[in-house]
Amino acid sequence: MQSRRSITCLGIATGVALSAAGIASAAPLVNGSLSSGEYGPVRAVQANPTGFGDSNLGQTGFANGSELDNAYATVSGGRLYVFLGGNTESNFNKAEIFIDSVSGGMNRLAPIPNNQGGFNRMADDGTGNGMTFDTGFAADHWISITGGGANPDIFVDYANLNPPSNGFFAGQTTPTNGTLINGNGGPSIEATWNNSNTTGVTGSTAPNDAATVATGLEFSISLADLGNPTGTILISAMINGSSHDFLSNQVLGTLPNGTPNLGDPRLVNFNQFAGNQYFAVNVPEPTTMAVIGLAGLGLLARRRRA
């Protein structure tokens, strides 16, 4: 029979093994709200007052300004989950998310064949321009989330950028409901937002509470659809104009404090700004770590009994 001390040691070892594996207690619920324990540490925090208006409506479905206050990300159950605290104005401004998950991809945006959702407005128009990411970031996937007008529905576009391929309308949903409907193909994406945030950055300040904003945009996509990445996934998120034609200063990872709106995305090169305009999340390997942990637990138990 195992002693109480043995059981205690087993419990401690279990906690260490699971913590090292990055195993969450449960996969996040894609509802546009950040719940305790869903994601772990914040990955990026906004350093700039918003140049796209500070929302003060406090309504779940509507916002009169756009800001990206913080970013959280985790991998659970074979899916990547991302939460972006803040607001997306209900005038069809775009939340643009680029994911670097495997080798290759676009460091400078090139057109996709069917210009899904107007993507090509950010890409090289044939003159050698096109939005350019930091060195070390090459986008493999694009997700764009938008909504507006009297209808509070949220609309999601997707494209595989490695290689440049036809994009898809991933579907639509309502605020706080992550299930998309009426899509025409592509990967299975969950996405929604809760636009009720009234804290975080303002039009003139970037206060410390930007890190604690707990409502905003949230999505998930399977690792299989990201090429089954291992190691680190890089993500760049930004607010763009309604026609993908005017970048705000709301970018995560953050631009340096005091950076104004960036304007025409085709002319933006993030290498011109200090820091990395992306954030990272590791792909955990819970099965391997758990097996190692459990093997260690068995050895520890045998030693205690001896």
# chains A, B, ... in the order shown; residues from 1 in each chain; ligands from 1
$ residues_around --residues "range 206-219 of chain A" --least-positions-apart "4" --cutoff "6 Å" --atoms "only C-alpha atoms" --output "PyMOL selection string"
chain A and resi 30+32-34+45+47-49+69-70+81-87+190-195+197+200-201
$ write_last_selection --atoms "C-alpha atoms" --output "compact mmCIF listing (two decimals), in the first residue's frame"
# COMPACT_ATOMS: atom_id res chain seq x y z
CA VAL A 30 -14.93 30.34 -28.62
CA GLY A 32 -15.39 36.23 -27.52
CA SER A 33 -14.75 36.27 -23.77
CA LEU A 34 -11.58 35.40 -21.90
CA VAL A 45 -0.10 43.96 -25.18
CA ALA A 47 1.37 50.11 -26.61
CA ASN A 48 -0.48 52.59 -28.85
CA PRO A 49 -3.62 54.65 -28.40
CA ASP A 69 -5.59 45.55 -26.59
CA ASN A 70 -3.99 42.17 -26.05
CA TYR A 81 -7.03 29.04 -30.24
CA VAL A 82 -6.48 32.80 -30.37
CA PHE A 83 -8.14 35.55 -28.33
CA LEU A 84 -7.66 39.23 -29.25
CA GLY A 85 -9.00 41.57 -26.59
CA GLY A 86 -10.60 44.78 -27.83
CA ASN A 87 -13.16 45.82 -30.46
CA GLU A 190 -14.62 28.72 -35.23
CA ALA A 191 -14.84 32.50 -34.83
CA THR A 192 -16.86 35.23 -33.16
CA TRP A 193 -16.56 38.41 -31.15
CA ASN A 194 -17.95 40.16 -28.11
CA ASN A 195 -17.72 43.88 -28.85
CA ASN A 197 -15.24 46.30 -24.28
CA GLY A 200 -8.08 49.27 -22.54
CA VAL A 201 -6.53 51.81 -24.89
$ residues_around --residues "Leu109 in chain A" --least-positions-apart "2" --cutoff "10 Å" --atoms "only C-alpha atoms" --output "JSON, numbers by chain"
{"A": [105, 106, 107, 111, 112, 119, 120, 121, 122, 123, 124, 125, 129, 130, 131, 132, 133, 138, 139, 161, 164, 265, 266]}
$ write_last_selection --atoms "C-alpha atoms" --output "CSV table (one decimal), in the first residue's frame"
chain,number,residue,atom,x,y,z
A,105,GLY,CA,5.0,31.3,-47.1
A,106,MET,CA,4.7,35.0,-47.8
A,107,ASN,CA,7.0,37.5,-46.2
A,111,PRO,CA,-2.0,38.1,-54.8
A,112,ILE,CA,-4.2,35.0,-54.4
A,119,PHE,CA,-7.3,40.2,-50.1
A,120,ASN,CA,-5.4,41.4,-53.1
A,121,ARG,CA,-5.8,45.0,-51.9
A,122,MET,CA,-3.0,44.3,-49.5
A,123,ALA,CA,-0.8,42.4,-52.0
A,124,ASP,CA,1.7,43.4,-54.7
A,125,ASP,CA,-0.2,45.1,-57.5
A,129,ASN,CA,4.9,46.6,-53.4
A,130,GLY,CA,2.8,44.5,-51.0
A,131,MET,CA,2.6,44.5,-47.3
A,132,THR,CA,5.9,43.1,-45.8
A,133,PHE,CA,6.2,41.4,-42.5
A,138,ALA,CA,6.2,34.4,-43.6
A,139,ALA,CA,2.4,34.1,-43.6
A,161,LEU,CA,-1.0,31.5,-48.8
A,164,PRO,CA,-1.1,31.2,-53.0
A,265,PRO,CA,-1.1,48.3,-46.5
A,266,ARG,CA,0.8,47.8,-49.8
$ select_by_dssp --residues "range 63-151 of chain A" --states "strand (DSSP E or B)" --output "PyMOL selection string"
chain A and resi 66-76+79-87+91+94-100+106+108+132+139+141-148
$ select_by_dssp --residues "range 130-297 of chain A" --states "alpha helix (DSSP H)" --output "list in words"
Pro286, Thr287, Thr288, Met289, Ala290, Val291, Ile292, Gly293, Leu294, Ala295, Gly296 and Leu297 of chain A
$ atom_distance --atom1 "CA of Asn64 in chain A" --atom2 "CA of Glu96 in chain A"
18.1 Å
$ closest_residue --among "A:Asp140, A:Glu38, A:Asp157, A:Glu89" --to "Ala170 in chain A" --atoms "only C-alpha atoms"
A:Asp157
$ atom_distance --atom1 "CA of Ser220 in chain A" --atom2 "CA of Arg79 in chain A"
6.4 Å
